[in-house]
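Q: The structure file model_32.cif (mmCIF, C-alpha atoms) is provided below.
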```
data_upload
#
loop_
_atom_site.label_atom_id
_atom_site.label_comp_id
_atom_site.auth_asym_id
_atom_site.auth_seq_id
_atom_site.Cartn_x
_atom_site.Cartn_y
_atom_site.Cartn_z
CA MET P 1 31.90 24.94 -131.00
CA GLN P 2 34.18 22.87 -128.73
CA ARG P 3 37.26 21.06 -130.01
CA TYR P 4 38.60 17.85 -128.50
CA PHE P 5 41.79 15.84 -128.93
CA ILE P 6 41.54 12.04 -128.94
CA TYR P 7 44.57 10.01 -127.84
CA LEU P 8 44.27 6.52 -129.29
CA ALA P 9 46.14 3.38 -130.29
CA TYR P 10 45.57 0.82 -133.02
CA ASP P 11 46.91 -2.37 -134.50
CA GLY P 12 47.14 -1.49 -138.18
CA THR P 13 47.19 -5.07 -139.49
CA ASN P 14 43.62 -5.04 -140.78
CA TYR P 15 43.54 -1.45 -142.04
CA HIS P 16 44.52 0.42 -145.18
CA GLY P 17 46.27 3.01 -143.04
CA TRP P 18 44.88 5.90 -141.02
CA GLN P 19 43.30 7.94 -143.81
CA ILE P 20 39.95 7.12 -145.38
CA GLN P 21 40.39 5.13 -148.60
CA PRO P 22 37.89 4.47 -151.40
CA ASN P 23 38.70 0.76 -151.54
CA GLY P 24 39.49 -0.36 -148.00
CA ILE P 25 38.68 0.21 -144.36
CA SER P 26 40.75 2.79 -142.46
CA VAL P 27 41.24 3.72 -138.82
CA GLN P 28 39.92 7.24 -139.48
CA GLU P 29 36.71 5.79 -140.91
CA CYS P 30 36.21 3.60 -137.83
CA MET P 31 36.76 6.56 -135.49
CA MET P 32 34.30 8.73 -137.41
CA LYS P 33 31.65 6.01 -137.43
CA ALA P 34 32.00 5.41 -133.68
CA LEU P 35 31.85 9.11 -132.80
CA SER P 36 28.95 9.76 -135.18
CA THR P 37 27.03 6.83 -133.70
CA PHE P 38 27.60 8.01 -130.13
CA LEU P 39 26.94 11.72 -130.75
CA ARG P 40 24.13 11.06 -133.27
CA ARG P 41 25.43 13.40 -135.94
CA ASP P 42 28.13 13.30 -138.59
CA ILE P 43 31.52 13.91 -136.97
CA GLU P 44 34.73 14.56 -138.89
CA VAL P 45 37.98 13.34 -137.33
CA ILE P 46 41.34 14.84 -138.31
CA GLY P 47 44.51 12.90 -137.46
CA ALA P 48 47.99 14.12 -136.58
CA GLY P 49 49.22 12.50 -139.77
CA ARG P 50 48.90 9.50 -142.03
CA THR P 51 50.13 6.02 -141.36
CA ASP P 52 50.47 3.60 -144.26
CA ALA P 53 48.62 0.32 -144.66
CA GLY P 54 49.59 -2.15 -141.94
CA VAL P 55 51.44 0.42 -139.82
CA HIS P 56 50.55 0.57 -136.13
CA ALA P 57 50.23 3.35 -133.58
CA SER P 58 50.76 2.97 -129.87
CA LEU P 59 49.87 6.67 -129.71
CA MET P 60 48.03 8.65 -132.38
CA VAL P 61 46.26 11.96 -131.82
CA ALA P 62 43.21 13.25 -133.67
CA HIS P 63 40.70 16.05 -133.18
CA PHE P 64 36.97 16.55 -133.64
CA ASP P 65 34.44 19.32 -133.01
CA TYR P 66 31.15 19.23 -131.11
CA ASP P 67 28.75 22.03 -130.30
CA ASP P 68 28.46 21.26 -126.61
CA LEU P 69 30.62 20.33 -123.63
CA LEU P 70 31.34 16.62 -123.29
CA ASP P 71 32.44 14.51 -120.36
CA PRO P 72 35.81 13.19 -121.61
CA ASN P 73 35.76 10.10 -119.39
CA SER P 74 32.26 9.13 -120.50
CA VAL P 75 33.07 9.63 -124.19
CA THR P 76 36.26 7.57 -123.82
CA GLU P 77 34.34 4.70 -122.24
CA LYS P 78 31.54 4.76 -124.83
CA LEU P 79 33.93 4.93 -127.77
CA ASN P 80 35.89 1.94 -126.52
CA ARG P 81 32.66 -0.04 -126.45
CA LEU P 82 31.82 0.96 -130.03
CA LEU P 83 35.27 0.57 -131.57
CA PRO P 84 36.64 -2.78 -132.81
CA PRO P 85 39.10 -4.65 -130.54
CA ASP P 86 42.16 -3.43 -132.47
CA ILE P 87 41.45 0.28 -131.83
CA SER P 88 41.35 1.82 -128.36
CA VAL P 89 41.03 5.33 -126.95
CA TYR P 90 43.29 6.36 -124.06
CA LYS P 91 41.73 9.72 -123.29
CA ILE P 92 39.90 12.72 -124.69
CA CYS P 93 40.75 16.29 -123.70
CA GLN P 94 39.37 19.70 -124.56
CA VAL P 95 41.63 22.07 -126.48
CA LYS P 96 41.42 25.60 -127.84
CA PRO P 97 38.96 26.00 -130.76
CA ASP P 98 41.77 26.60 -133.26
CA ALA P 99 44.05 23.78 -132.03
CA HIS P 100 44.87 21.32 -134.81
CA ALA P 101 46.03 17.73 -134.34
CA ARG P 102 48.21 17.86 -137.44
CA PHE P 103 49.44 21.43 -137.79
CA ASP P 104 50.08 22.13 -134.09
CA ALA P 105 52.18 19.00 -133.54
CA THR P 106 55.76 20.01 -132.73
CA ALA P 107 57.29 16.52 -132.98
CA ARG P 108 56.44 12.95 -133.87
CA THR P 109 58.31 9.79 -132.91
CA TYR P 110 58.32 6.43 -134.70
CA LYS P 111 59.87 3.08 -133.80
CA TYR P 112 60.80 0.32 -136.24
CA PHE P 113 61.52 -3.21 -134.96
CA VAL P 114 63.73 -5.87 -136.57
CA THR P 115 64.74 -9.33 -135.39
CA THR P 116 66.69 -12.35 -136.62
CA ALA P 117 64.52 -14.75 -134.59
CA LYS P 118 61.59 -16.70 -135.98
CA TYR P 119 58.97 -16.10 -133.30
CA PRO P 120 55.32 -16.66 -134.33
CA PHE P 121 53.84 -14.13 -131.90
CA ASN P 122 55.98 -11.31 -133.22
CA ARG P 123 55.51 -11.90 -136.91
CA GLN P 124 52.99 -9.05 -137.25
CA TYR P 125 55.15 -6.56 -135.33
CA ARG P 126 58.78 -7.33 -136.24
CA CYS P 127 60.62 -7.31 -139.54
CA ARG P 128 62.66 -10.48 -139.72
CA VAL P 129 66.18 -10.15 -141.14
CA TYR P 130 68.07 -13.31 -141.98
CA ASN P 131 71.63 -12.18 -141.31
CA SER P 132 73.15 -10.15 -138.50
CA LEU P 133 73.51 -6.43 -139.24
CA ASP P 134 76.26 -3.99 -138.30
CA TYR P 135 74.23 -1.75 -136.00
CA GLU P 136 77.23 0.36 -135.03
CA CYS P 137 77.72 1.29 -138.67
CA MET P 138 73.97 1.84 -139.06
CA ASN P 139 74.06 4.28 -136.16
CA GLN P 140 76.95 6.13 -137.75
CA ALA P 141 74.84 6.48 -140.88
CA ALA P 142 71.78 7.52 -138.83
CA ARG P 143 73.78 10.36 -137.29
CA LEU P 144 74.37 11.75 -140.77
CA LEU P 145 70.64 12.50 -140.95
CA PHE P 146 71.13 15.37 -138.49
CA GLN P 147 73.25 17.21 -141.06
CA TYR P 148 70.40 17.48 -143.57
CA SER P 149 66.88 18.83 -143.80
CA ASP P 150 65.81 17.95 -147.36
CA PHE P 151 64.73 14.32 -147.40
CA THR P 152 63.37 14.05 -150.93
CA SER P 153 65.35 10.80 -151.35
CA PHE P 154 63.20 9.15 -148.67
CA SER P 155 59.83 10.50 -149.78
CA LYS P 156 57.18 8.65 -151.71
CA LEU P 157 57.03 10.01 -155.26
CA HIS P 158 54.27 12.36 -156.46
CA THR P 159 52.93 13.38 -153.06
CA ASP P 160 50.98 16.62 -152.58
CA VAL P 161 53.24 18.19 -149.92
CA LYS P 162 54.67 21.67 -150.52
CA THR P 163 58.09 20.94 -149.04
CA ASN P 164 60.33 17.97 -148.30
CA ILE P 165 62.09 19.81 -145.47
CA CYS P 166 62.09 18.01 -142.10
CA HIS P 167 64.20 18.48 -138.98
CA ILE P 168 65.27 15.19 -137.39
CA THR P 169 66.22 15.50 -133.72
CA TYR P 170 66.78 11.83 -132.79
CA ALA P 171 67.71 8.73 -134.79
CA GLU P 172 69.27 5.64 -133.18
CA TRP P 173 69.25 1.84 -133.20
CA THR P 174 69.12 0.17 -129.77
CA GLN P 175 68.88 -3.46 -128.71
CA GLU P 176 65.81 -4.76 -126.90
CA GLU P 177 65.82 -7.37 -124.13
CA ASP P 178 64.35 -10.02 -126.44
CA GLY P 179 67.28 -9.68 -128.85
CA SER P 180 65.43 -7.59 -131.40
CA TRP P 181 66.60 -4.12 -132.41
CA VAL P 182 64.54 -0.95 -132.60
CA PHE P 183 65.19 2.18 -134.63
CA THR P 184 63.73 5.26 -132.94
CA ILE P 185 63.41 8.45 -134.96
CA ARG P 186 61.95 11.82 -133.93
CA ALA P 187 61.32 14.85 -136.15
CA ASP P 188 59.05 17.85 -136.46
CA ARG P 189 57.36 16.20 -139.45
CA PHE P 190 57.74 13.18 -141.71
CA LEU P 191 57.17 12.68 -145.41
CA ARG P 192 55.07 9.88 -146.87
CA ASN P 193 56.96 6.58 -146.54
CA MET P 194 59.99 8.43 -145.07
CA VAL P 195 60.70 6.25 -142.03
CA ARG P 196 60.37 2.99 -143.95
CA ALA P 197 62.64 4.31 -146.71
CA ILE P 198 65.26 5.42 -144.17
CA VAL P 199 65.12 2.04 -142.41
CA GLY P 200 65.41 0.14 -145.69
CA THR P 201 68.45 2.19 -146.66
CA LEU P 202 70.07 1.81 -143.23
CA ILE P 203 69.64 -1.96 -143.51
CA GLU P 204 71.63 -1.79 -146.75
CA VAL P 205 74.37 -0.08 -144.70
CA GLY P 206 74.12 -2.78 -142.04
CA ARG P 207 74.53 -5.50 -144.67
CA GLY P 208 77.68 -3.84 -146.01
CA LYS P 209 76.05 -3.07 -149.36
CA LEU P 210 76.13 0.71 -148.83
CA SER P 211 78.98 2.72 -147.32
CA LEU P 212 78.60 5.75 -145.06
CA GLU P 213 79.67 7.96 -147.94
CA GLY P 214 77.17 6.16 -150.13
CA PHE P 215 74.43 6.85 -147.58
CA ARG P 216 75.39 10.53 -147.59
CA GLN P 217 75.21 10.57 -151.39
CA VAL P 218 71.74 9.01 -151.31
CA ILE P 219 70.51 11.96 -149.23
CA GLU P 220 72.29 14.58 -151.31
CA GLN P 221 71.05 13.26 -154.65
CA LYS P 222 67.42 13.95 -153.64
CA ASP P 223 66.27 11.02 -155.73
CA ARG P 224 64.03 8.32 -154.27
CA CYS P 225 65.36 5.81 -156.79
CA GLN P 226 68.82 6.04 -155.18
CA ALA P 227 67.60 4.99 -151.71
CA GLY P 228 66.94 1.45 -150.54
CA THR P 229 63.70 -0.48 -150.74
CA SER P 230 61.16 0.60 -148.13
CA ALA P 231 61.07 -1.67 -145.10
CA PRO P 232 57.76 -3.50 -144.57
CA GLY P 233 55.05 -1.50 -142.80
CA HIS P 234 54.03 -4.11 -140.22
CA ALA P 235 57.06 -3.43 -137.98
CA LEU P 236 56.54 0.35 -137.81
CA PHE P 237 54.83 2.10 -134.90
CA LEU P 238 53.91 5.73 -134.36
CA VAL P 239 54.67 6.07 -130.64
CA ASN P 240 54.32 9.75 -129.76
CA VAL P 241 52.98 13.09 -130.96
CA GLU P 242 53.97 16.23 -129.07
CA TYR P 243 52.14 19.55 -128.68
CA PRO P 244 52.68 22.87 -126.90
CA GLU P 245 50.93 22.85 -123.52
CA ASP P 246 49.13 26.14 -124.15
CA ILE P 247 46.69 24.60 -126.65
CA PHE P 248 45.06 22.54 -123.90
CA LEU P 249 42.26 24.10 -121.89
CA PHE P 250 42.95 21.84 -118.95
CA THR P 251 46.05 19.98 -117.75
CA ASN P 252 47.03 17.38 -120.36
CA SER P 253 47.46 14.39 -118.08
#
```
Please, can you express the file's structure as structure tokens?

A:
Amino acid sequence: MQRYFIYLAYDGTNYHGWQIQPNGISVQECMMKALSTFLRRDIEVIGAGRTDAGVHASLMVAHFDYDDLLDPNSVTEKLNRLLPPDISVYKICQVKPDAHARFDATARTYKYFVTTAKYPFNRQYRCRVYNSLDYECMNQAARLLFQYSDFTSFSKLHTDVKTNICHITYAEWTQEEDGSWVFTIRADRFLRNMVRAIVGTLIEVGRGKLSLEGFRQVIEQKDRCQAGTSAPGHALFLVNVEYPEDIFLFTNS
């Protein structure tokens, strides 16, 4: 049995997230249907993680198994013909049989975009805020994240994970050329709803409604009810998933 990684992107606007849902279409379902149609057998696709409804990915990774060698370029081309316009495959590469898109990922990076401008073409990809925010103070709060590893306060309640421990290695707000701001955050793993909850709480800091000490207390209380409202999903992008090079059978380029 051969295992393959799929590198793909999607606009999450029309989907109920990555994972198959009983009451709505998902990106995972579309990928499985396209692969199963092309390979003429039922194919299971496992993603590097979940993205919530409406969340986008400029780079997601998933894996599937097939009992024969495939031409990655040919499969990529055929899948892009079968998939809807808002999902595209960058490449497919062969990996070791026990490589896992979720469990072997060493880091994931998300970006969240906010803007004060009313711009029709960005409304699906930017969260509009109606007052200027103190991004310097928000960055001071973001740096506090490095001092902690238990992020229960930013996790969706009643999830099935065994631990709320995550190691954040990057978290910063930067200004884009179009005047919008982007929050980039990188960690070994993320909890359900974690990035949106962190962003929503940082926005409270930027509005002057939550002090730096208050932000620290939110983390330390390990209580989701103490954190801010989750920021809307439509401005969140998964932008990178990292793996050790030794799981790839050929150069990952």

Q: Here is a test: counting only C-alpha atoms, which residue of P:Met31, P:Ala197, P:Leu79, P:Ile165 is nearest to Gln226 in chain P?

A: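 Among the listed residues, P:Ala197 lies closest to Gln226 in chain P.
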
Q: Mind checking which residues fall within 8 Å of Val218 in chain P, counting all atoms listed in the file, ignoring those fewer than 4 positions away in the same chain, and posting them as a list in words?

A: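 Once the adjacent positions are removed, what remains is Ser153, Gly214, Lys222, Asp223, Gln226 and Ala227 of chain P.
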
Q: Which residues come within 10 Å of Glu176 in chain P, counting all atoms listed in the file, excluding same-chain residues fewer than 3 positions away, as a VMD selection string?

A: chain P and resid 113 to 115 173 179 to 182

Q: I'd like to know which of P:Ala53, P:Cys30, P:Val205, P:Leu82 is closest to Ser132 in chain P, using all atoms listed in the file.

A: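 Going through P:Ala53, P:Cys30, P:Val205, P:Leu82 one by one, the smallest distance to Ser132 in chain P is for P:Val205.
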
Q: Could you state the separation of CA of Gly208 in chain P and CA of Tyr130 in chain P in Å, given to one decimal place?

A: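 Separating CA of Gly208 in chain P from CA of Tyr130 in chain P is a distance of 14.1 Å.
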
Q: Under the rule that only C-alpha atoms are counted, which of P:Ser74, P:Ser155, P:Thr229, P:Asn164 is the nearest residue to Phe38 in chain P?

A: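 Nearest candidate to Phe38 in chain P out of P:Ser74, P:Ser155, P:Thr229, P:Asn164: P:Ser74.
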
Q: List the residues selected by the PyMOL selection byres ((chain P and resi 240) around 12) in the file shown, writing them as a list in words.

A: Tyr7, Leu8, Ala9, Ala48, Gly49, His56, Ala57, Ser58, Leu59, Met60, Val61, Ala105, Thr106, Ala107, Arg108, Thr109, Tyr110, Lys111, Thr184, Ile185, Arg186, Ala187, Asp188, Phe237, Leu238, Val239, Val241, Glu242 and Tyr243 of chain P

Q: Give as a PyMOL selection string the residues that the PyMOL selection byres ((chain P and resi 148) around 10) matches when applied to the coordinates above.

A: chain P and resi 144-147+149-151+165-168+216+219-220

Q: Which polymer residues, whether protein, DNA or RNA, lie within 7 Å of the coordinate (43.4, 17.0, -138.8) when you count all atoms listed in the file? List them as a list in words, using the chain letters and numbers from the file.

A: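 Here the neighbourhood of the point contains Val45, Ile46, Gly47, Ala48, Ala62, His63, His100, Ala101 and Arg102 of chain P.
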
Q: Could you spell out the hits of the PyMOL selection byres ((chain P and resi 141) around 9) on the shown file, as number ranges by chain?

A: P: 136-140, 142-145, 202, 205, 211-213, 215-216

Q: Give the answer as one residue: which of P:Tyr119, P:Phe248, P:Phe154, P:Tyr135 has the shortest atom-to-atom distance to Ala231 in chain P, using all atoms listed in the file?

A: P:Phe154

Q: So, counting all atoms listed in the file, which residue among P:Arg196, P:Pro22, P:Asp71, P:Asn80 is closest to Lys156 in chain P?

A: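 Using all atoms listed in the file, the shortest distance to Lys156 in chain P belongs to P:Arg196.
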
Q: Env of Ile247 in chain P: 7 Å cut, atoms = all atoms listed in the file, seq-sep filter 2 positions within chain, self excluded. Answer as a PDB file with C-alpha atoms, in the frame of the given file.

A:
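part.pdb written:
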```
ATOM      1  CA  VAL P  95      41.630  22.070-126.480  1.00  0.00           C
ATOM      2  CA  LYS P  96      41.420  25.600-127.840  1.00  0.00           C
ATOM      3  CA  ALA P  99      44.050  23.780-132.030  1.00  0.00           C
ATOM      4  CA  PRO P 244      52.680  22.870-126.900  1.00  0.00           C
ATOM      5  CA  GLU P 245      50.930  22.850-123.520  1.00  0.00           C
ATOM      6  CA  LEU P 249      42.260  24.100-121.890  1.00  0.00           C
TER       7      LEU P 249
END
```

Q: Check the smallest atom-to-atom distance from each of P:Cys127, P:Ile6, P:Gly233, P:Val161 to Ile92 in chain P using all atoms listed in the file, then report the winner.

A: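 Checking each of P:Cys127, P:Ile6, P:Gly233, P:Val161 against Ile92 in chain P, counting all atoms listed in the file, the winner is P:Ile6.
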
Q: Between CA of Ile25 in chain P and CA of Arg40 in chain P, what is the spacing in Å?

A: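 Here the two named atoms are 21.3 Å from each other.
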
Q: CA of Tyr90 in chain P and CA of Phe103 in chain P are how many Å apart?

A: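 Computing the Euclidean distance for CA of Tyr90 in chain P and CA of Phe103 in chain P yields 21.3 Å.
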
Q: Report, as JSON, the centre and edge lengths in Å (one decimal) of the axis-aligned box enclosing every listed atom of range 25-40 of chain P, padded by 4 Å on each side.

A:
```
{"center_x": 32.7, "center_y": 6.0, "center_z": -137.2, "size_x": 25.1, "size_y": 19.5, "size_z": 22.2}
```

Q: May I ask you to restore all heavy atoms in range 216-227 of chain P and write the result as a short mmCIF file (atom, residue, chain, number, x, y, z; two decimals), in the coordinates of the input?

A:
```
data_model
loop_
_atom_site.label_atom_id
_atom_site.label_comp_id
_atom_site.auth_asym_id
_atom_site.auth_seq_id
_atom_site.Cartn_x
_atom_site.Cartn_y
_atom_site.Cartn_z
N ARG P 216 75.40 9.07 -147.46
CA ARG P 216 75.39 10.53 -147.59
C ARG P 216 74.99 10.94 -149.01
O ARG P 216 74.19 11.88 -149.20
CB ARG P 216 76.77 11.09 -147.23
CG ARG P 216 76.84 12.62 -147.26
CD ARG P 216 78.26 13.11 -147.08
NE ARG P 216 78.77 12.83 -145.75
CZ ARG P 216 78.52 13.59 -144.68
NH1 ARG P 216 77.74 14.65 -144.79
NH2 ARG P 216 79.04 13.28 -143.50
N GLN P 217 75.53 10.25 -150.00
CA GLN P 217 75.21 10.57 -151.39
C GLN P 217 73.74 10.33 -151.71
O GLN P 217 73.14 11.08 -152.48
CB GLN P 217 76.12 9.77 -152.32
CG GLN P 217 77.58 10.21 -152.30
CD GLN P 217 78.46 9.32 -153.16
OE1 GLN P 217 77.98 8.42 -153.86
NE2 GLN P 217 79.77 9.55 -153.10
N VAL P 218 73.17 9.28 -151.11
CA VAL P 218 71.74 9.01 -151.31
C VAL P 218 70.93 10.23 -150.88
O VAL P 218 70.02 10.68 -151.59
CB VAL P 218 71.31 7.76 -150.52
CG1 VAL P 218 69.79 7.69 -150.42
CG2 VAL P 218 71.84 6.50 -151.18
N ILE P 219 71.25 10.79 -149.72
CA ILE P 219 70.51 11.96 -149.23
C ILE P 219 70.72 13.14 -150.16
O ILE P 219 69.76 13.84 -150.53
CB ILE P 219 70.97 12.32 -147.80
CG1 ILE P 219 70.75 11.14 -146.84
CG2 ILE P 219 70.20 13.55 -147.30
CD1 ILE P 219 71.34 11.37 -145.45
N GLU P 220 71.96 13.37 -150.54
CA GLU P 220 72.29 14.58 -151.31
C GLU P 220 71.76 14.54 -152.74
O GLU P 220 71.51 15.59 -153.34
CB GLU P 220 73.81 14.78 -151.31
CG GLU P 220 74.37 15.12 -149.92
CD GLU P 220 75.87 15.32 -149.91
OE1 GLU P 220 76.51 15.02 -150.95
OE2 GLU P 220 76.41 15.77 -148.88
N GLN P 221 71.54 13.36 -153.28
CA GLN P 221 71.05 13.26 -154.65
C GLN P 221 69.56 13.60 -154.77
O GLN P 221 69.08 13.89 -155.86
CB GLN P 221 71.32 11.86 -155.21
CG GLN P 221 72.80 11.63 -155.50
CD GLN P 221 73.09 10.24 -156.01
OE1 GLN P 221 72.20 9.55 -156.50
NE2 GLN P 221 74.33 9.80 -155.91
N LYS P 222 68.85 13.57 -153.65
CA LYS P 222 67.42 13.95 -153.64
C LYS P 222 66.63 13.20 -154.70
O LYS P 222 65.83 13.77 -155.44
CB LYS P 222 67.27 15.47 -153.82
CG LYS P 222 67.98 16.29 -152.74
CD LYS P 222 67.87 17.77 -153.00
CE LYS P 222 68.69 18.54 -151.96
NZ LYS P 222 68.67 20.00 -152.21
N ASP P 223 66.88 11.89 -154.72
CA ASP P 223 66.27 11.02 -155.73
C ASP P 223 65.84 9.74 -155.04
O ASP P 223 66.67 8.96 -154.58
CB ASP P 223 67.28 10.73 -156.84
CG ASP P 223 66.72 9.83 -157.94
OD1 ASP P 223 65.56 9.36 -157.82
OD2 ASP P 223 67.45 9.58 -158.92
N ARG P 224 64.54 9.50 -154.97
CA ARG P 224 64.03 8.32 -154.27
C ARG P 224 64.57 7.02 -154.87
O ARG P 224 64.76 6.04 -154.15
CB ARG P 224 62.49 8.31 -154.32
CG ARG P 224 61.84 7.08 -153.66
CD ARG P 224 62.12 7.04 -152.18
NE ARG P 224 61.64 5.81 -151.55
CZ ARG P 224 62.37 4.71 -151.42
NH1 ARG P 224 63.61 4.64 -151.89
NH2 ARG P 224 61.87 3.66 -150.80
N CYS P 225 64.87 7.02 -156.15
CA CYS P 225 65.36 5.81 -156.79
C CYS P 225 66.74 5.41 -156.30
O CYS P 225 67.16 4.25 -156.48
CB CYS P 225 65.39 6.01 -158.31
SG CYS P 225 63.76 6.26 -159.04
N GLN P 226 67.48 6.34 -155.68
CA GLN P 226 68.82 6.04 -155.18
C GLN P 226 68.80 5.39 -153.80
O GLN P 226 69.78 4.77 -153.38
CB GLN P 226 69.66 7.31 -155.14
CG GLN P 226 69.81 8.01 -156.48
CD GLN P 226 70.42 7.10 -157.54
OE1 GLN P 226 71.41 6.41 -157.28
NE2 GLN P 226 69.81 7.08 -158.72
N ALA P 227 67.70 5.55 -153.07
CA ALA P 227 67.60 4.99 -151.71
C ALA P 227 67.20 3.52 -151.76
O ALA P 227 66.82 2.99 -152.81
CB ALA P 227 66.59 5.79 -150.89
#
```
